[in-house]
There are 2 protein chains.
Amino acid sequence: MATIGQVLRVKGPDVIVASPGETVLAASKLMAEANVGSVIIKDGEAVKGIFTERDLLTRVIVVGKDPAAVTLAEMMSAPVRICRLDDNVHSVFNMMVSQHISHVAVVEGGALIGLVGLRDILSAELQEAADKLKEYEPDA
Amino acid sequence: MATIGQVLRVKGPDVIVASPGETVLAASKLMAEANVGSVIIKDGEAVKGIFTERDLLTRVIVVGKDPAAVTLAEMMSAPVRICRLDDNVHSVFNMMVSQHISHVAVVEGGALIGLVGLRDILSAELQEAADKLKEYEPDA
């Protein structure tokens, strides 16, 4: 059974991090530079929230707010759902689907280790299924 | 081998559509209402482009453009990659990965039938692998 730790090893541990007082515009620039769709908001070591492209769309742009005039603290989703390195991928996947969330923070000993998206999880599940099939069809 | 038609049947055929002259703000409202991350731009029956949350982030917000003052024609990605109902899921998946795209329009006889995202494809591939495993492990 694949774990979240294995998923993180495949995708790499990089997470974009910003502080609650930063503007949505500043965070958007970080996300665009890194070509990712979300940023984790930390206050010191504490994980405070997450801000995604969907939040930018629905909470800022559509309601006519100025991205340079609103902060992440005002616009982020909180709390962030978390999981641990040893959690198995299936249970985290089920949590994401049942709670309609697209990202889960990986936290160990109070420290943010990484961020796992639905796409990462699906890729891992797919790879696991493919590997299992190979056991049955060694020449496939 | 699963086809794109089967994927569409699972996810439903709904696509958000807008015309090239509409503003990014108008399209953003459509996307937010439908809770989707992309809109297809059509001029009459012709598919002209696609505009996604990532385009909103990187081409509009980060560069300081006003979503109410720019049109989809200016900000969309074009041309849209297309596929057909009979295409098999693996080949479309490989195309998306190799071309770094997240959405493919499904077109038949010149008409837009649907829109398939990477997430839909991965779900379908995963389901197929799970079904295949069941053939080997009927009691699992």
# chains A, B, ... in the order shown; residues from 1 in each chain; ligands from 1
>>> residues_around(residues="Val80 (chain B)", least_positions_apart="4", cutoff="9 Å", atoms="only C-alpha atoms", output="JSON list (two decimals) with C-alpha atoms, in the first residue's frame")
[["chain", "number", "residue", "atom", "x", "y", "z"],
["B", 40, "ILE", "CA", -14.14, 27.04, -24.01],
["B", 47, "VAL", "CA", -13.89, 26.34, -31.21],
["B", 48, "LYS", "CA", -11.43, 29.20, -30.96],
["B", 49, "GLY", "CA", -9.61, 28.70, -27.68],
["B", 50, "ILE", "CA", -9.65, 27.83, -23.99],
["B", 103, "HIS", "CA", -7.67, 19.98, -20.97],
["B", 104, "VAL", "CA", -8.68, 18.56, -24.35],
["B", 105, "ALA", "CA", -11.88, 19.44, -26.23]]
>>> select_by_dssp(residues="region 7-115 of chain B", states="strand (DSSP E or B)", output="PyMOL selection string")
chain B and resi 17-18+23+38-43+46-52+71+77+82-83+88+103-108+111-115
>>> write_last_selection(atoms="N, CA, C and O atoms", output="short mmCIF file (atom, residue, chain, number, x, y, z; two decimals), in the first residue's frame")
data_model
loop_
_atom_site.label_atom_id
_atom_site.label_comp_id
_atom_site.auth_asym_id
_atom_site.auth_seq_id
_atom_site.Cartn_x
_atom_site.Cartn_y
_atom_site.Cartn_z
N VAL B 17 -19.17 27.62 -22.02
CA VAL B 17 -18.80 28.22 -23.29
C VAL B 17 -18.99 29.74 -23.23
O VAL B 17 -19.94 30.22 -22.61
N ALA B 18 -18.06 30.47 -23.84
CA ALA B 18 -18.19 31.93 -23.95
C ALA B 18 -17.72 32.36 -25.33
O ALA B 18 -17.11 31.56 -26.06
N THR B 23 -15.54 39.60 -21.71
CA THR B 23 -14.40 39.95 -20.87
C THR B 23 -13.98 38.77 -20.01
O THR B 23 -14.76 37.84 -19.77
N SER B 38 -12.21 26.09 -16.18
CA SER B 38 -11.90 26.48 -17.56
C SER B 38 -13.17 26.78 -18.33
O SER B 38 -14.26 26.33 -17.97
N VAL B 39 -13.01 27.54 -19.41
CA VAL B 39 -14.12 27.87 -20.30
C VAL B 39 -13.62 27.72 -21.74
O VAL B 39 -12.47 28.07 -22.05
N ILE B 40 -14.48 27.17 -22.59
CA ILE B 40 -14.14 27.04 -24.01
C ILE B 40 -14.67 28.28 -24.74
O ILE B 40 -15.81 28.71 -24.50
N ILE B 41 -13.87 28.84 -25.62
CA ILE B 41 -14.29 30.02 -26.38
C ILE B 41 -14.70 29.58 -27.78
O ILE B 41 -13.91 28.99 -28.52
N LYS B 42 -15.97 29.86 -28.11
CA LYS B 42 -16.50 29.52 -29.42
C LYS B 42 -16.95 30.78 -30.15
O LYS B 42 -17.46 31.72 -29.53
N ASP B 43 -16.73 30.78 -31.48
CA ASP B 43 -17.24 31.86 -32.33
C ASP B 43 -18.22 31.18 -33.26
O ASP B 43 -17.81 30.48 -34.19
N ALA B 46 -17.47 27.37 -34.23
CA ALA B 46 -16.04 27.08 -34.26
C ALA B 46 -15.39 27.26 -32.89
O ALA B 46 -15.58 28.29 -32.24
N VAL B 47 -14.64 26.26 -32.46
CA VAL B 47 -13.89 26.34 -31.21
C VAL B 47 -12.64 27.17 -31.44
O VAL B 47 -11.80 26.83 -32.28
N LYS B 48 -12.52 28.26 -30.71
CA LYS B 48 -11.43 29.20 -30.96
C LYS B 48 -10.31 29.13 -29.93
O LYS B 48 -9.16 29.49 -30.22
N GLY B 49 -10.64 28.72 -28.70
CA GLY B 49 -9.61 28.70 -27.68
C GLY B 49 -10.14 28.20 -26.35
O GLY B 49 -11.31 27.82 -26.23
N ILE B 50 -9.27 28.23 -25.35
CA ILE B 50 -9.65 27.83 -23.99
C ILE B 50 -9.03 28.83 -23.03
O ILE B 50 -7.93 29.35 -23.28
N PHE B 51 -9.75 29.13 -21.97
CA PHE B 51 -9.25 30.03 -20.94
C PHE B 51 -9.41 29.32 -19.60
O PHE B 51 -10.49 28.83 -19.27
N THR B 52 -8.30 29.24 -18.84
CA THR B 52 -8.30 28.48 -17.59
C THR B 52 -7.95 29.37 -16.39
O THR B 52 -7.49 30.50 -16.55
N THR B 71 -10.40 41.00 -23.04
CA THR B 71 -11.34 40.01 -23.58
C THR B 71 -10.70 38.62 -23.61
O THR B 71 -9.47 38.46 -23.53
N SER B 77 -5.85 30.63 -24.62
CA SER B 77 -4.85 29.79 -25.27
C SER B 77 -5.48 29.22 -26.53
O SER B 77 -6.62 28.74 -26.51
N ILE B 82 -7.69 18.98 -29.58
CA ILE B 82 -8.96 18.26 -29.62
C ILE B 82 -8.75 16.76 -29.72
O ILE B 82 -7.67 16.28 -30.08
N CYS B 83 -9.80 16.03 -29.36
CA CYS B 83 -9.80 14.59 -29.54
C CYS B 83 -11.22 14.18 -29.95
O CYS B 83 -12.11 15.04 -30.03
N ASN B 88 -8.73 6.48 -27.78
CA ASN B 88 -8.55 5.76 -26.52
C ASN B 88 -7.85 6.64 -25.49
O ASN B 88 -7.07 7.54 -25.81
N HIS B 103 -6.33 20.20 -20.45
CA HIS B 103 -7.67 19.98 -20.97
C HIS B 103 -7.64 19.72 -22.48
O HIS B 103 -6.85 20.33 -23.19
N VAL B 104 -8.53 18.85 -22.93
CA VAL B 104 -8.68 18.56 -24.35
C VAL B 104 -10.16 18.64 -24.69
O VAL B 104 -11.00 18.10 -23.96
N ALA B 105 -10.48 19.34 -25.79
CA ALA B 105 -11.88 19.44 -26.23
C ALA B 105 -12.24 18.20 -27.04
O ALA B 105 -11.44 17.71 -27.84
N VAL B 106 -13.47 17.70 -26.82
CA VAL B 106 -13.95 16.56 -27.59
C VAL B 106 -14.85 17.11 -28.70
O VAL B 106 -15.84 17.79 -28.43
N VAL B 107 -14.45 16.86 -29.93
CA VAL B 107 -15.14 17.43 -31.10
C VAL B 107 -15.54 16.30 -32.04
O VAL B 107 -14.75 15.41 -32.31
N GLU B 108 -16.79 16.34 -32.50
CA GLU B 108 -17.27 15.36 -33.50
C GLU B 108 -18.02 16.12 -34.58
O GLU B 108 -18.91 16.92 -34.27
N ALA B 111 -18.49 19.79 -34.21
CA ALA B 111 -19.23 20.32 -33.06
C ALA B 111 -18.55 19.94 -31.75
O ALA B 111 -18.06 18.81 -31.60
N LEU B 112 -18.53 20.88 -30.84
CA LEU B 112 -17.95 20.63 -29.51
C LEU B 112 -18.91 19.74 -28.71
O LEU B 112 -20.06 20.09 -28.48
N ILE B 113 -18.40 18.59 -28.27
CA ILE B 113 -19.22 17.63 -27.53
C ILE B 113 -18.96 17.74 -26.04
O ILE B 113 -19.83 17.52 -25.21
N GLY B 114 -17.72 18.03 -25.68
CA GLY B 114 -17.38 18.05 -24.26
C GLY B 114 -15.96 18.50 -24.05
O GLY B 114 -15.25 18.84 -24.99
N LEU B 115 -15.55 18.48 -22.80
CA LEU B 115 -14.20 18.89 -22.42
C LEU B 115 -13.70 17.86 -21.40
O LEU B 115 -14.41 17.51 -20.47
#
>>> select_by_dssp(residues="region 56-91 of chain A", states="helix (DSSP H, G or I)", output="PyMOL selection string")
chain A and resi 56-61+72-75+89-91
>>> interface_residues(of="chain B", to="chain A", cutoff="12 Å", atoms="only C-alpha atoms", output="number ranges by chain")
B: 23-38, 52-68, 93, 97, 100, 102, 117-137
>>> atom_distance(atom1="CA of Asp86 (chain A)", atom2="CA of Ser19 (chain A)")
27.5 Å
>>> closest_residue(among="A:Met76, A:Met96, A:Ile101, A:Val116", to="Ile4 (chain A)", atoms="only C-alpha atoms")
A:Val116
>>> atom_distance(atom1="CA of Ser91 (chain A)", atom2="CA of Val92 (chain B)")
28.5 Å
>>> atom_distance(atom1="CA of Val70 (chain B)", atom2="CA of Glu22 (chain B)")
8.4 Å
>>> closest_residue(among="A:Glu45, A:Asp87, A:Asp14, A:Glu74", to="Gly110 (chain A)", atoms="only C-alpha atoms")
A:Glu45
